[in-house]
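Q: Supplied structure: query.csv, CSV, C-alpha atoms.
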```csv
chain,number,residue,atom,x,y,z
A,88,MET,CA,48.7,16.1,19.6
A,89,GLU,CA,50.4,19.1,18.0
A,90,LYS,CA,49.2,18.0,14.6
A,91,TRP,CA,45.7,18.8,15.6
A,92,ASN,CA,46.5,22.5,16.4
A,93,HIS,CA,44.7,24.6,13.8
A,94,THR,CA,42.8,27.8,13.4
A,95,SER,CA,39.5,26.2,12.3
A,96,ASN,CA,36.4,26.5,14.5
A,97,ASP,CA,35.9,22.7,14.2
A,98,PHE,CA,36.8,20.4,17.1
A,99,ILE,CA,38.8,17.2,16.8
A,100,LEU,CA,37.5,14.0,18.5
A,101,LEU,CA,40.4,11.8,19.2
A,102,GLY,CA,38.1,8.8,19.4
A,103,LEU,CA,37.9,5.7,21.5
A,104,PHE,CA,39.9,3.1,19.5
A,105,PRO,CA,43.2,3.2,17.6
A,106,GLN,CA,43.1,3.2,13.8
A,107,ASN,CA,44.2,-0.4,13.4
A,108,GLN,CA,42.7,-3.9,13.0
A,109,VAL,CA,42.0,-4.2,16.8
A,110,GLY,CA,40.3,-0.8,16.7
A,111,LEU,CA,38.2,-1.9,13.8
A,112,LEU,CA,37.2,-5.1,15.5
A,113,LEU,CA,36.2,-3.2,18.7
A,114,LEU,CA,34.2,-0.8,16.5
A,115,PHE,CA,32.2,-3.6,14.9
A,116,LEU,CA,31.4,-4.8,18.5
A,117,ILE,CA,30.1,-1.3,19.3
A,118,ILE,CA,28.1,-1.3,16.1
A,119,LEU,CA,26.6,-4.7,17.1
A,120,ILE,CA,25.7,-3.3,20.5
A,121,PHE,CA,24.2,-0.2,18.9
A,122,PHE,CA,22.0,-2.5,16.7
A,123,LEU,CA,20.9,-4.7,19.6
A,124,THR,CA,20.2,-1.6,21.7
A,125,SER,CA,18.1,0.0,18.9
A,126,VAL,CA,16.1,-3.2,18.3
A,127,GLY,CA,15.6,-3.9,22.0
A,128,ASN,CA,14.4,-0.4,23.0
A,129,MET,CA,12.2,0.0,20.0
A,130,ALA,CA,10.7,-3.5,20.7
A,131,MET,CA,10.0,-2.4,24.3
A,132,ILE,CA,8.3,0.8,23.2
A,133,HIS,CA,6.2,-1.0,20.7
A,134,LEU,CA,5.3,-3.7,23.2
A,135,ILE,CA,4.1,-1.3,25.8
A,136,ARG,CA,2.2,0.7,23.2
A,137,VAL,CA,0.2,-2.2,21.7
A,138,ASP,CA,-0.4,-4.4,24.8
A,139,PRO,CA,-3.3,-3.1,26.9
A,140,ARG,CA,-2.1,-5.1,30.0
A,141,LEU,CA,1.0,-2.9,30.0
A,142,HIS,CA,-0.9,0.3,30.0
A,143,THR,CA,0.0,1.2,33.6
A,144,PRO,CA,2.1,4.0,35.0
A,145,MET,CA,5.1,1.8,35.6
A,146,TYR,CA,5.3,0.6,32.0
A,147,PHE,CA,4.5,4.1,30.7
A,148,LEU,CA,7.6,5.4,32.5
A,149,LEU,CA,9.5,2.3,31.3
A,150,SER,CA,8.6,3.2,27.6
A,151,GLN,CA,10.1,6.7,28.2
A,152,LEU,CA,13.2,5.1,29.6
A,153,SER,CA,13.6,3.1,26.4
A,154,LEU,CA,13.0,6.2,24.3
A,155,MET,CA,15.7,8.0,26.2
A,156,ASP,CA,18.2,5.1,25.9
A,157,LEU,CA,17.5,5.0,22.2
A,158,MET,CA,18.3,8.7,21.8
A,159,TYR,CA,21.2,8.4,24.3
A,160,ILE,CA,23.2,5.9,22.3
A,161,SER,CA,22.3,7.6,19.0
A,162,THR,CA,23.9,10.8,20.2
A,163,THR,CA,27.4,9.3,20.3
A,164,VAL,CA,27.8,6.0,18.4
A,165,PRO,CA,26.9,7.1,14.8
A,166,LYS,CA,29.4,10.0,14.8
A,167,MET,CA,32.1,7.9,16.4
A,168,THR,CA,31.5,5.2,13.8
A,169,PHE,CA,31.6,7.7,10.9
A,170,ASN,CA,34.8,9.3,12.0
A,171,PHE,CA,36.6,6.0,12.4
A,172,LEU,CA,35.5,4.5,9.1
A,173,SER,CA,36.1,7.7,7.1
A,174,GLY,CA,39.4,8.4,8.8
A,175,GLN,CA,38.2,11.9,9.8
A,176,LYS,CA,38.2,13.1,13.4
A,177,SER,CA,36.6,16.5,13.0
A,178,ILE,CA,33.2,17.7,14.3
A,179,SER,CA,31.9,21.1,13.5
A,180,PHE,CA,31.5,23.8,16.2
A,181,LEU,CA,27.7,23.6,15.9
A,182,GLY,CA,27.7,19.8,15.7
A,183,CYS,CA,29.7,19.6,18.9
A,184,GLY,CA,27.2,21.9,20.6
A,185,VAL,CA,24.2,19.9,19.4
A,186,GLN,CA,25.8,16.6,20.5
A,187,SER,CA,26.6,18.1,23.9
A,188,PHE,CA,23.1,19.4,24.3
A,189,PHE,CA,21.4,16.1,23.5
A,190,PHE,CA,23.8,14.1,25.6
A,191,LEU,CA,23.3,16.3,28.7
A,192,THR,CA,19.5,16.4,28.1
A,193,MET,CA,19.3,12.6,28.0
A,194,ASP,CA,21.6,12.3,30.9
A,195,GLY,CA,19.5,14.6,33.2
A,196,SER,CA,16.1,13.4,32.1
A,197,GLU,CA,17.0,9.7,32.6
A,198,THR,CA,18.3,10.3,36.1
A,199,LEU,CA,15.1,12.1,37.0
A,200,LEU,CA,13.0,9.4,35.4
A,201,LEU,CA,14.7,6.6,37.3
A,202,ALA,CA,13.9,8.5,40.5
A,203,PHE,CA,10.2,8.8,39.4
A,204,MET,CA,10.2,5.1,38.7
A,205,ALA,CA,11.4,4.4,42.2
A,206,TYR,CA,8.7,6.6,43.6
A,207,ASP,CA,6.1,4.7,41.5
A,208,HIS,CA,7.3,1.4,43.1
A,209,TYR,CA,7.3,3.1,46.6
A,210,VAL,CA,3.6,4.2,46.2
A,211,ALA,CA,2.5,0.9,44.7
A,212,ILE,CA,4.0,-1.2,47.5
A,213,CYS,CA,3.8,1.1,50.6
A,214,HIS,CA,0.6,3.1,49.8
A,215,PRO,CA,-1.4,0.9,47.3
A,216,LEU,CA,-4.8,2.6,48.2
A,217,HIS,CA,-3.4,6.0,47.2
A,218,TYR,CA,-1.7,4.7,44.0
A,219,PRO,CA,-4.6,5.7,41.6
A,220,ILE,CA,-4.3,9.3,42.8
A,221,CYS,CA,-0.6,9.6,43.3
A,222,MET,CA,0.3,7.9,40.0
A,223,SER,CA,-2.6,8.9,37.7
A,224,ASN,CA,-2.0,9.3,34.0
A,225,ARG,CA,-1.9,13.1,34.4
A,226,MET,CA,0.7,12.8,37.1
A,227,CYS,CA,2.8,10.5,34.9
A,228,VAL,CA,2.7,13.0,32.0
A,229,LYS,CA,3.8,15.8,34.4
A,230,MET,CA,6.7,13.6,35.6
A,231,ILE,CA,7.8,12.9,32.0
A,232,ILE,CA,7.4,16.5,30.8
A,233,GLY,CA,9.1,17.8,33.9
A,234,SER,CA,12.1,15.5,33.4
A,235,TRP,CA,12.5,16.6,29.8
A,236,ARG,CA,12.0,20.3,30.6
A,237,VAL,CA,14.3,20.6,33.6
A,238,ALA,CA,17.0,18.5,31.9
A,239,SER,CA,16.9,20.5,28.6
A,240,ILE,CA,17.1,23.9,30.5
A,241,ASN,CA,20.2,22.6,32.4
A,242,SER,CA,21.7,21.2,29.2
A,243,LEU,CA,21.1,24.5,27.3
A,244,ALA,CA,22.8,26.5,30.0
A,245,HIS,CA,25.9,24.3,30.0
A,246,THR,CA,26.1,24.1,26.2
A,247,VAL,CA,25.8,27.8,25.6
A,248,TYR,CA,28.5,28.4,28.1
A,249,ILE,CA,30.9,25.8,26.7
A,250,LEU,CA,30.5,27.2,23.2
A,251,HIS,CA,31.2,30.8,24.3
A,252,ILE,CA,34.5,30.3,26.2
A,253,PRO,CA,37.8,30.9,24.3
A,254,TYR,CA,39.8,28.0,23.1
A,255,CYS,CA,43.4,29.0,22.6
A,256,ARG,CA,45.0,25.6,22.8
A,257,SER,CA,44.5,22.6,20.6
A,258,ARG,CA,40.9,21.9,19.8
A,259,ALA,CA,41.5,18.1,20.0
A,260,ILE,CA,39.0,16.7,22.5
A,261,ASN,CA,40.5,13.5,24.1
A,262,HIS,CA,37.1,11.7,24.0
A,263,PHE,CA,34.7,10.0,21.5
A,264,PHE,CA,32.0,12.7,21.9
A,265,CYS,CA,31.8,16.3,23.0
A,266,ASP,CA,31.9,15.8,26.8
A,267,ILE,CA,32.0,19.0,28.8
A,268,PRO,CA,34.8,18.0,31.2
A,269,ALA,CA,37.0,17.1,28.3
A,270,MET,CA,36.2,20.4,26.5
A,271,LEU,CA,36.9,22.4,29.6
A,272,SER,CA,40.5,21.2,29.7
A,273,LEU,CA,41.1,22.9,26.3
A,274,ALA,CA,39.9,26.4,27.5
A,275,CYS,CA,42.5,29.2,28.0
A,276,MET,CA,40.5,30.9,30.7
A,277,ASP,CA,39.8,30.0,34.3
A,278,THR,CA,36.8,27.8,34.2
A,279,TRP,CA,36.2,27.4,38.0
A,280,VAL,CA,32.8,29.0,37.7
A,281,HIS,CA,31.6,26.5,35.2
A,282,GLU,CA,33.3,23.6,37.1
A,283,CYS,CA,31.1,24.7,40.1
A,284,MET,CA,28.1,24.7,37.8
A,285,VAL,CA,28.9,21.2,36.7
A,286,PHE,CA,29.4,20.1,40.3
A,287,LEU,CA,26.0,21.6,41.3
A,288,SER,CA,24.3,20.0,38.3
A,289,THR,CA,25.8,16.7,39.3
A,290,ILE,CA,24.4,17.0,42.8
A,291,LEU,CA,20.9,18.1,41.4
A,292,PHE,CA,20.7,15.4,38.7
A,293,LEU,CA,22.7,12.6,40.2
A,294,LEU,CA,23.1,12.8,44.0
A,295,LEU,CA,19.7,14.0,45.0
A,296,PRO,CA,17.8,11.6,42.7
A,297,PHE,CA,20.0,8.8,44.0
A,298,LEU,CA,19.2,9.7,47.6
A,299,GLY,CA,15.5,9.8,46.7
A,300,ILE,CA,15.8,6.3,45.2
A,301,THR,CA,17.7,5.1,48.2
A,302,ALA,CA,15.0,6.5,50.6
A,303,SER,CA,12.2,5.0,48.5
A,304,TYR,CA,13.7,1.5,48.4
A,305,GLY,CA,14.5,1.7,52.1
A,306,GLN,CA,10.8,2.1,52.8
A,307,ILE,CA,10.0,-0.6,50.2
A,308,LEU,CA,12.3,-3.1,51.8
A,309,PHE,CA,10.8,-2.4,55.2
A,310,ALA,CA,7.3,-2.9,53.8
A,311,VAL,CA,8.3,-6.1,51.9
A,312,TYR,CA,9.9,-7.6,55.0
A,313,HIS,CA,6.5,-7.3,56.8
A,314,MET,CA,4.4,-8.7,54.0
A,315,ARG,CA,2.5,-11.8,55.0
A,316,SER,CA,2.1,-13.1,51.4
A,317,LYS,CA,5.1,-15.0,50.2
A,318,GLU,CA,4.0,-14.5,46.5
A,319,GLY,CA,3.6,-10.7,47.2
A,320,ARG,CA,7.1,-10.5,48.7
A,321,LYS,CA,8.6,-12.4,45.7
A,322,LYS,CA,6.8,-10.1,43.1
A,323,ALA,CA,7.8,-6.9,45.0
A,324,PHE,CA,11.4,-8.1,45.4
A,325,THR,CA,11.7,-9.0,41.7
A,326,THR,CA,10.3,-5.7,40.5
A,327,CYS,CA,12.4,-3.6,42.8
A,328,SER,CA,15.7,-5.6,42.3
A,329,THR,CA,15.3,-5.1,38.5
A,330,HIS,CA,15.0,-1.4,38.9
A,331,LEU,CA,17.9,-1.2,41.4
A,332,THR,CA,20.1,-3.1,39.0
A,333,VAL,CA,19.5,-0.5,36.3
A,334,VAL,CA,20.0,2.3,38.8
A,335,ILE,CA,23.4,0.9,40.0
A,336,PHE,CA,24.6,0.3,36.4
A,337,TYR,CA,23.7,3.8,35.4
A,338,TYR,CA,24.5,5.9,38.5
A,339,ALA,CA,27.8,4.4,39.7
A,340,PRO,CA,30.0,5.3,36.7
A,341,PHE,CA,28.3,8.7,36.4
A,342,VAL,CA,28.9,9.6,40.0
A,343,TYR,CA,32.5,8.4,39.9
A,344,THR,CA,33.1,10.5,36.7
A,345,TYR,CA,31.6,13.8,37.6
A,346,LEU,CA,32.1,13.9,41.4
A,347,ARG,CA,35.8,13.2,41.3
A,348,PRO,CA,38.2,16.2,41.8
A,349,LYS,CA,39.7,17.5,38.6
A,350,ASN,CA,43.2,16.4,39.5
A,351,LEU,CA,42.1,12.8,39.7
A,352,HIS,CA,40.5,12.7,36.2
A,353,SER,CA,42.2,10.6,33.6
A,354,PRO,CA,41.1,10.8,29.9
A,355,ALA,CA,41.4,7.0,29.5
A,356,ASP,CA,39.4,6.3,32.6
A,357,ASP,CA,36.7,8.8,31.6
A,358,LYS,CA,36.3,7.2,28.2
A,359,ILE,CA,36.0,3.7,29.6
A,360,LEU,CA,33.4,4.9,32.1
A,361,ALA,CA,31.5,6.8,29.4
A,362,VAL,CA,31.3,3.6,27.3
A,363,PHE,CA,29.5,2.0,30.2
A,364,TYR,CA,26.8,4.6,30.7
A,365,THR,CA,26.4,5.8,27.1
A,366,ILE,CA,26.6,2.4,25.2
A,367,LEU,CA,26.4,-0.6,27.5
A,368,THR,CA,23.6,0.5,29.9
A,369,PRO,CA,21.2,1.4,27.1
A,370,MET,CA,21.6,-2.1,25.8
A,371,LEU,CA,21.3,-3.8,29.2
A,372,ASN,CA,18.1,-1.9,30.3
A,373,PRO,CA,15.6,-3.7,27.9
A,374,ILE,CA,17.3,-7.0,28.6
A,375,ILE,CA,17.1,-6.6,32.4
A,376,TYR,CA,13.5,-5.4,32.3
A,377,SER,CA,12.3,-8.1,29.9
A,378,LEU,CA,14.1,-11.2,31.2
A,379,ARG,CA,13.4,-10.4,34.9
A,380,ASN,CA,9.8,-9.3,34.4
A,381,LYS,CA,7.1,-12.0,34.0
A,382,GLU,CA,4.5,-9.5,32.7
A,383,VAL,CA,6.9,-8.3,29.9
A,384,LEU,CA,7.7,-11.9,29.0
A,385,GLU,CA,4.0,-12.7,28.7
A,386,ALA,CA,3.4,-9.6,26.6
A,387,MET,CA,6.2,-10.6,24.3
A,388,THR,CA,4.6,-14.0,23.9
A,389,ARG,CA,1.2,-12.4,23.1
A,390,VAL,CA,2.6,-9.7,20.7
A,391,PHE,CA,5.6,-11.3,19.1
A,392,GLY,CA,5.0,-15.0,19.8
A,393,ILE,CA,8.4,-15.5,21.4
A,394,PHE,CA,9.8,-16.4,24.8
A,395,SER,CA,6.9,-18.8,25.5
A,396,SER,CA,9.4,-21.3,27.0
A,397,LEU,CA,10.4,-18.7,29.6
A,398,LYS,CA,7.0,-18.4,31.0
A,399,GLU,CA,6.4,-20.0,34.3
```
Transcribe the structure of this file into structure tokens.
A:
Amino acid sequence: MEKWNHTSNDFILLGLFPQNQVGLLLLFLIILIFFLTSVGNMAMIHLIRVDPRLHTPMYFLLSQLSLMDLMYISTTVPKMTFNFLSGQKSISFLGCGVQSFFFLTMDGSETLLLAFMAYDHYVAICHPLHYPICMSNRMCVKMIIGSWRVASINSLAHTVYILHIPYCRSRAINHFFCDIPAMLSLACMDTWVHECMVFLSTILFLLLPFLGITASYGQILFAVYHMRSKEGRKKAFTTCSTHLTVVIFYYAPFVYTYLRPKNLHSPADDKILAVFYTILTPMLNPIIYSLRNKEVLEAMTRVFGIFSSLKE
């Protein structure tokens, strides 16, 4: 890594794949995933926008999740692809800050949104008579704006800090994007204060929403168990299991990455886990919500004229 020591203000992203044929093949796989993710999430947004039957709070929140996933993967993959194909590894000081800001904003807002979606399911199943009041259009807008606002404020605080600490070692970041834990390892000052900030943010944006989701689905499972209607139980279980699948895929690698002690971190493990929640999960979300949701499949048939064979 000594060859990356320099006096420039730019950072160096060491990347995800080696510069060889295997790395090129894996990069093309990532590009394919990026394409499928973009198409899938844009199709979901368009579907929810144009189909009146999907104009409900649940699908309004789902359209925001698709938008966040689209922005999420666009924050990391294009720069990684450009650096690999061009043979360059540098990212400007400002570019690193912008990438870090948008990544943290998408991260925080998506975790909060998943918690709000769990609350939506909880009210719909456990308190259906109160649903029009608790999940009105105005309340949905407040949830979405609140998610973006709180996450962006948290992201701005971390980004400003990380760009103002002195870097007296190599500026080579052993990652494929400007991830704060990887950048902190390059600082020549004691960063325990910011590490505590990262830990507190992780609790606020990961652990607390996850506990809220767990509590919501505990109540939901109890209510579903006591339902008399077999069809109602099946519909509730399908809807909730779909959302729980997305939550587990998203939260598990995040919690493992950011709540581990510093001495247990490995750059290779961190990069593999980051691929999961920054690249694979945004691709899986629209697939999970479409193939396991009868209403979405029916909307696809009406709007796009496809998947008619999958309808029951």
Q: If we count all atoms listed in the file and set the cut-off at 12 Å, which residues sit around Phe203 (chain A), ignoring sequence neighbours fewer than 6 positions away in its own chain? Please answer as number ranges by chain.
A: A: 144-145, 147-149, 151-152, 196-197, 209-210, 221-222, 226-234, 296-297, 299-300, 303, 330, 334
Q: Only C-alpha atoms, please: the residues just picked out, written as a CSV table (one decimal), keeping the file's coordinate frame.
A:
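Just written: result_8.csv:
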```csv
chain,number,residue,atom,x,y,z
A,144,PRO,CA,2.1,4.0,35.0
A,145,MET,CA,5.1,1.8,35.6
A,147,PHE,CA,4.5,4.1,30.7
A,148,LEU,CA,7.6,5.4,32.5
A,149,LEU,CA,9.5,2.3,31.3
A,151,GLN,CA,10.1,6.7,28.2
A,152,LEU,CA,13.2,5.1,29.6
A,196,SER,CA,16.1,13.4,32.1
A,197,GLU,CA,17.0,9.7,32.6
A,209,TYR,CA,7.3,3.1,46.6
A,210,VAL,CA,3.6,4.2,46.2
A,221,CYS,CA,-0.6,9.6,43.3
A,222,MET,CA,0.3,7.9,40.0
A,226,MET,CA,0.7,12.8,37.1
A,227,CYS,CA,2.8,10.5,34.9
A,228,VAL,CA,2.7,13.0,32.0
A,229,LYS,CA,3.8,15.8,34.4
A,230,MET,CA,6.7,13.6,35.6
A,231,ILE,CA,7.8,12.9,32.0
A,232,ILE,CA,7.4,16.5,30.8
A,233,GLY,CA,9.1,17.8,33.9
A,234,SER,CA,12.1,15.5,33.4
A,296,PRO,CA,17.8,11.6,42.7
A,297,PHE,CA,20.0,8.8,44.0
A,299,GLY,CA,15.5,9.8,46.7
A,300,ILE,CA,15.8,6.3,45.2
A,303,SER,CA,12.2,5.0,48.5
A,330,HIS,CA,15.0,-1.4,38.9
A,334,VAL,CA,20.0,2.3,38.8
```
Q: Excluding His262 (chain A) and its own-chain neighbours fewer than 4 positions away, which residues fall within 8 Å of it when counting all atoms listed in the file? Please give them as a list in words.
A: Leu100, Leu101, Gly102, Leu103, Asp266, Ala269, Pro354 and Lys358 of chain A
Q: Please write the residues from the selection above to a file, keeping C-alpha atoms, as a PDB file, keeping the file's coordinate frame.
A:
```
ATOM      1  CA  LEU A 100      37.500  14.000  18.500  1.00  0.00           C
ATOM      2  CA  LEU A 101      40.400  11.800  19.200  1.00  0.00           C
ATOM      3  CA  GLY A 102      38.100   8.800  19.400  1.00  0.00           C
ATOM      4  CA  LEU A 103      37.900   5.700  21.500  1.00  0.00           C
ATOM      5  CA  ASP A 266      31.900  15.800  26.800  1.00  0.00           C
ATOM      6  CA  ALA A 269      37.000  17.100  28.300  1.00  0.00           C
ATOM      7  CA  PRO A 354      41.100  10.800  29.900  1.00  0.00           C
ATOM      8  CA  LYS A 358      36.300   7.200  28.200  1.00  0.00           C
TER       9      LYS A 358
END
```
Q: Residues within 10 Å of Thr163 (chain A), please, as a PyMOL selection string. Count all atoms listed in the file; anything in the same chain fewer than 2 positions from it doesn't count.
A: chain A and resi 158-161+165-168+186-187+189-190+263-265+362+365-366
Q: Enter the distance from CA of Asp357 (chain A) to CA of Leu271 (chain A), in Å, rounded to one decimal.
A: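 Spanning CA of Asp357 (chain A) to CA of Leu271 (chain A) is a straight-line distance of 13.7 Å.
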Q: Would you kindly identify which residues have an atom no farther than 10 Å from (5.5, -8.2, 49.8), using all atoms listed in the file and the file's own coordinates, and write them out as a JSON list (two decimals) with C-alpha atoms, in the frame of the given file?
A:
```
[["chain", "number", "residue", "atom", "x", "y", "z"],
["A", 212, "ILE", "CA", 4.00, -1.20, 47.50],
["A", 213, "CYS", "CA", 3.80, 1.10, 50.60],
["A", 307, "ILE", "CA", 10.00, -0.60, 50.20],
["A", 308, "LEU", "CA", 12.30, -3.10, 51.80],
["A", 309, "PHE", "CA", 10.80, -2.40, 55.20],
["A", 310, "ALA", "CA", 7.30, -2.90, 53.80],
["A", 311, "VAL", "CA", 8.30, -6.10, 51.90],
["A", 312, "TYR", "CA", 9.90, -7.60, 55.00],
["A", 313, "HIS", "CA", 6.50, -7.30, 56.80],
["A", 314, "MET", "CA", 4.40, -8.70, 54.00],
["A", 315, "ARG", "CA", 2.50, -11.80, 55.00],
["A", 316, "SER", "CA", 2.10, -13.10, 51.40],
["A", 317, "LYS", "CA", 5.10, -15.00, 50.20],
["A", 318, "GLU", "CA", 4.00, -14.50, 46.50],
["A", 319, "GLY", "CA", 3.60, -10.70, 47.20],
["A", 320, "ARG", "CA", 7.10, -10.50, 48.70],
["A", 321, "LYS", "CA", 8.60, -12.40, 45.70],
["A", 322, "LYS", "CA", 6.80, -10.10, 43.10],
["A", 323, "ALA", "CA", 7.80, -6.90, 45.00],
["A", 324, "PHE", "CA", 11.40, -8.10, 45.40]]
```
Q: Counting only C-alpha atoms, note down every residue that has an atom within 8 Å of the point (-2.0, -8.7, 27.1) (file coordinates), as a PyMOL selection string.
A: chain A and resi 138-141+385-386+389-390
Q: Please report the interatomic distance between CA of Tyr146 (chain A) and CA of Val164 (chain A) in Å with one decimal.
A: 26.8 Å
Q: Take CA of Ile375 (chain A) and CA of Arg347 (chain A) and report the distance between them in Å, one decimal.
A: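 Calculated distance between CA of Ile375 (chain A) and CA of Arg347 (chain A) is 28.7 Å.
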Q: Given the choices A:Asp277, A:Pro340, A:Arg225, A:Ser150, which gets closest to Val137 (chain A) if the distance is worked out from all atoms listed in the file?
A: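 Ranking A:Asp277, A:Pro340, A:Arg225, A:Ser150 by distance to Val137 (chain A), first place goes to A:Ser150.
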Q: If you count only C-alpha atoms, which residues fall within 10 Å of Tyr364 (chain A), apart from same-chain ones fewer than 3 positions away, as a ChimeraX atom specification?
A: /A:156,159-160,194,336-341,359-361,367-370
Q: With distances taken over only C-alpha atoms, which residue among A:Leu114, A:Leu294, A:Leu378, A:Leu331 lies nearest Asn170 (chain A)?
A: A:Leu114
Q: So which one's closest to Met204 (chain A), A:Thr246, A:Ser272, A:Ser179, A:Thr329? Using only C-alpha atoms, please.
A: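 Residue with the minimum atom-to-atom distance to Met204 (chain A): A:Thr329.
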Q: Give me the residues near Phe188 (chain A) as a VMD selection string, where near means some atom within 7 Å (using all atoms listed in the file) and where sequence neighbours in that chain fewer than 3 positions away do not count.
A: chain A and resid 184 to 185 191 to 192 242 to 243 246
Q: With all atoms listed in the file as the basis for distance, which of A:Leu172, A:Leu119, A:Leu157, A:Ala205 is at the shortest distance from Met193 (chain A)?
A: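 Result for the nearest residue to Met193 (chain A): A:Leu157.
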Q: So, with all atoms listed in the file as the atoms that count, which of A:Tyr206, A:Tyr218, A:Phe292, A:Tyr304 lies closest to Val237 (chain A)?
A: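 Nearest to Val237 (chain A): A:Phe292.
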Q: Between A:Tyr376, A:Ser288, A:Tyr345, A:Ser177, which has the minimum distance to Ile240 (chain A) (counting all atoms listed in the file)?
A: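 Between A:Tyr376, A:Ser288, A:Tyr345, A:Ser177, the residue approaching Ile240 (chain A) most closely is A:Ser288.
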